[in-house]
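A short write-up of the structure that comes next.
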Amino acid sequence: MFIYRRLILVANYVEEKIGPVPEVWWKLEPSEFDYAAYEPNLVAARFKASDVVACFSLARLLLIESASLNNHVMRKDARIFYKASLLQSSLMHYISSWDLSWQVYWFKYIVRPNKKIVIMERYYDKLSSKCNYRDLKEKLEGKGQTSVIEYLQSYNKDEFWKSLRKSYNYIKHSGAYHMRGVGINPRKGIFSINGKRPFLISRHDFDVDEWTDKLIRYNNEFVSYFNNVIQEVSYDKAVMEFKSGSSNDETLEMIRKLKNYT
């Protein structure tokens with residue numbers, strides 16, 4: 001996680017409209033102590049949350065780097081090409097962060113506690129791959145987690161977030177947008193038939209200024225969204241006090257818990 005943090009801190013000055021990554025996000029990845037102290041599904045959920053942070057940080061860095069191209073001397077069409085490439089990659093990582101965030105709930109509420117989750121890497125990966133939104137929603141309903149479902153649905157039904165997913169799917173299935181300002185993207189043929197020019201298959205347009213604003217907005221809304229998600233995987237207060245070095249009584253209690261766990 002350090003390399004992501006270092007890159008983000010270096011580039012923070014480029015785009016003032018994007019605030020810093022919340023400090024608490026960098027503390028989500030479990031320590032070795034946590035593997036012994038907590039249920040394995042909680043450890044896995046926090047590790048998945050740290051995956052979200054890594055993916056989000058890459059998306060954010062790509063967005064910031066696209067803005068920094070304004071400081072480079074180059075042809076206008078070349079700048080548009082590079083900016084659009086960075087922004088489209090940023091979009092893909094931003095939406096991937098959203099998808100990964102569902103797995104935090106998957107490990108917390110759906111996966112049964114099992115030590116194999118945290119000591120067998122392939123088992124963890126296998127469980128991660130089983131998560132999709134439809135199954136998650138159905139299983140959460142079965143467990144009566146209506147508040148979690150309502151929270152997730154509030155974003156899945158949000159028109160702005162839906163529009164970004166639609167664009168994400170367009171890139172996934174079509175390959176790329178037409179970068180407005182780079183080359184041509186004809187929608188009708190140059191010859192006419194009976195006075196009508198036939199329609200041609202064309203790509204959707206991608207405007208770098210418009211998408212910069214969209215991704216800035218999504219970045220900031222995602223921070224609010226994910227701050228609530230990680231509340232589901234917060235550690236017990238007594239354990240946190242033990243980790244920060246407290247009284248002897250708390251230390252002894254923690255040792256007792258560890259003995260019972262192992």
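We label chains A, B, ... in the order they appear in the structure tokens, count residues from 1 in each chain, and number ligands from 1 in the order shown.
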* Nearby residues (only C-alpha atoms) at most 10 Å from range 216-232 of chain A, same-chain spacing under 3 positions excluded, as a ChimeraX atom specification -> /A:15,17-22,24-25,28,42,45-46,49-50,52-53,56-57,59-60,63-64,91,94-95,97-98,101-102,104-105,108-109,148,151-152,155,160-161,164,211-213,235
Those same residues, written as an mmCIF file, in the first residue's frame with C-alpha atoms?
data_model
loop_
_atom_site.group_PDB
_atom_site.id
_atom_site.type_symbol
_atom_site.label_atom_id
_atom_site.label_comp_id
_atom_site.auth_asym_id
_atom_site.auth_seq_id
_atom_site.Cartn_x
_atom_site.Cartn_y
_atom_site.Cartn_z
ATOM 1 C CA GLU A 15 -6.017 18.698 -9.007
ATOM 2 C CA LYS A 17 -10.817 19.699 -6.539
ATOM 3 C CA ILE A 18 -9.977 16.159 -5.451
ATOM 4 C CA GLY A 19 -9.365 15.914 -1.740
ATOM 5 C CA PRO A 20 -6.815 13.533 -0.219
ATOM 6 C CA VAL A 21 -7.520 9.857 0.270
ATOM 7 C CA PRO A 22 -8.925 9.563 3.826
ATOM 8 C CA VAL A 24 -8.228 5.791 7.762
ATOM 9 C CA TRP A 25 -8.311 4.033 4.388
ATOM 10 C CA LEU A 28 -7.575 -1.073 6.435
ATOM 11 C CA LEU A 42 -13.528 -10.005 8.946
ATOM 12 C CA ALA A 45 -13.282 -8.234 4.336
ATOM 13 C CA ARG A 46 -10.711 -5.685 5.463
ATOM 14 C CA ALA A 49 -11.393 -3.095 1.446
ATOM 15 C CA SER A 50 -7.678 -2.406 1.032
ATOM 16 C CA VAL A 52 -10.662 -1.143 -3.128
ATOM 17 C CA VAL A 53 -8.313 1.549 -1.839
ATOM 18 C CA PHE A 56 -9.382 3.722 -6.276
ATOM 19 C CA SER A 57 -5.919 5.222 -5.805
ATOM 20 C CA ALA A 59 -8.052 5.650 -10.743
ATOM 21 C CA ARG A 60 -7.424 8.870 -8.866
ATOM 22 C CA LEU A 63 -7.284 11.396 -13.307
ATOM 23 C CA ILE A 64 -4.726 13.707 -11.728
ATOM 24 C CA LEU A 91 -13.018 5.404 -15.412
ATOM 25 C CA TYR A 94 -13.167 3.825 -10.618
ATOM 26 C CA ILE A 95 -16.006 1.488 -11.570
ATOM 27 C CA SER A 97 -13.506 -0.012 -7.210
ATOM 28 C CA TRP A 98 -17.276 0.115 -6.941
ATOM 29 C CA SER A 101 -16.599 -2.771 -2.673
ATOM 30 C CA TRP A 102 -19.461 -5.271 -2.850
ATOM 31 C CA VAL A 104 -16.431 -6.248 1.472
ATOM 32 C CA TYR A 105 -20.051 -7.032 2.358
ATOM 33 C CA LYS A 108 -18.423 -9.748 6.156
ATOM 34 C CA TYR A 109 -21.973 -11.117 5.942
ATOM 35 C CA VAL A 148 -27.235 -2.747 3.713
ATOM 36 C CA TYR A 151 -27.647 1.564 0.974
ATOM 37 C CA LEU A 152 -26.222 -0.347 -1.988
ATOM 38 C CA TYR A 155 -26.080 4.044 -5.474
ATOM 39 C CA PHE A 160 -25.184 9.652 -12.373
ATOM 40 C CA TRP A 161 -23.531 6.449 -11.119
ATOM 41 C CA LEU A 164 -20.767 5.976 -15.537
ATOM 42 C CA TRP A 211 -15.148 13.565 -18.468
ATOM 43 C CA THR A 212 -12.692 15.343 -16.213
ATOM 44 C CA ASP A 213 -15.634 16.994 -14.456
ATOM 45 C CA TYR A 235 -12.506 -3.413 14.701
#
* Asked: If you measure from CA of Pro113 in chain A to CA of Ala36 in chain A, what distance in Å do you get, rounded to one decimal?
  -> 13.2 Å
* Please provide the set of residues having any atom within 10 Å of Arg112 in chain A, restricted to only C-alpha atoms, with same-chain residues fewer than 6 positions apart removed, written as a ChimeraX atom specification. => /A:39-41,106
* Could you find all residues in range 38-209 of chain A that DSSP calls strand (DSSP E or B) from the backbone, and write them as JSON, numbers by chain? => {"A": [178, 179, 188, 193, 196, 199, 205, 206]}
How would the residues just chosen look if you wrote them out with C-alpha atoms as a short mmCIF file (atom, residue, chain, number, x, y, z; two decimals), in the first residue's frame?
data_model
loop_
_atom_site.label_atom_id
_atom_site.label_comp_id
_atom_site.auth_asym_id
_atom_site.auth_seq_id
_atom_site.Cartn_x
_atom_site.Cartn_y
_atom_site.Cartn_z
CA HIS A 178 -13.90 8.31 -30.39
CA MET A 179 -11.75 11.00 -28.83
CA LYS A 188 -23.19 9.00 -42.50
CA ILE A 193 -28.86 6.78 -52.36
CA LYS A 196 -30.34 9.94 -48.61
CA PHE A 199 -25.87 5.67 -41.73
CA ASP A 205 -17.76 10.58 -28.55
CA PHE A 206 -15.50 11.18 -25.55
#
* **Selected residue, from A:Ala54, A:Met92, A:Val111, A:Ile149, that lies nearest to Lys137 in chain A when counting only C-alpha atoms** => A:Ile149
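Distance-wise, CA of Ser31 in chain A and CA of Lys139 in chain A end up 29.1 Å apart.
Reported to one decimal place, the separation of CA of Leu62 in chain A from CA of Leu87 in chain A is 6.6 Å.
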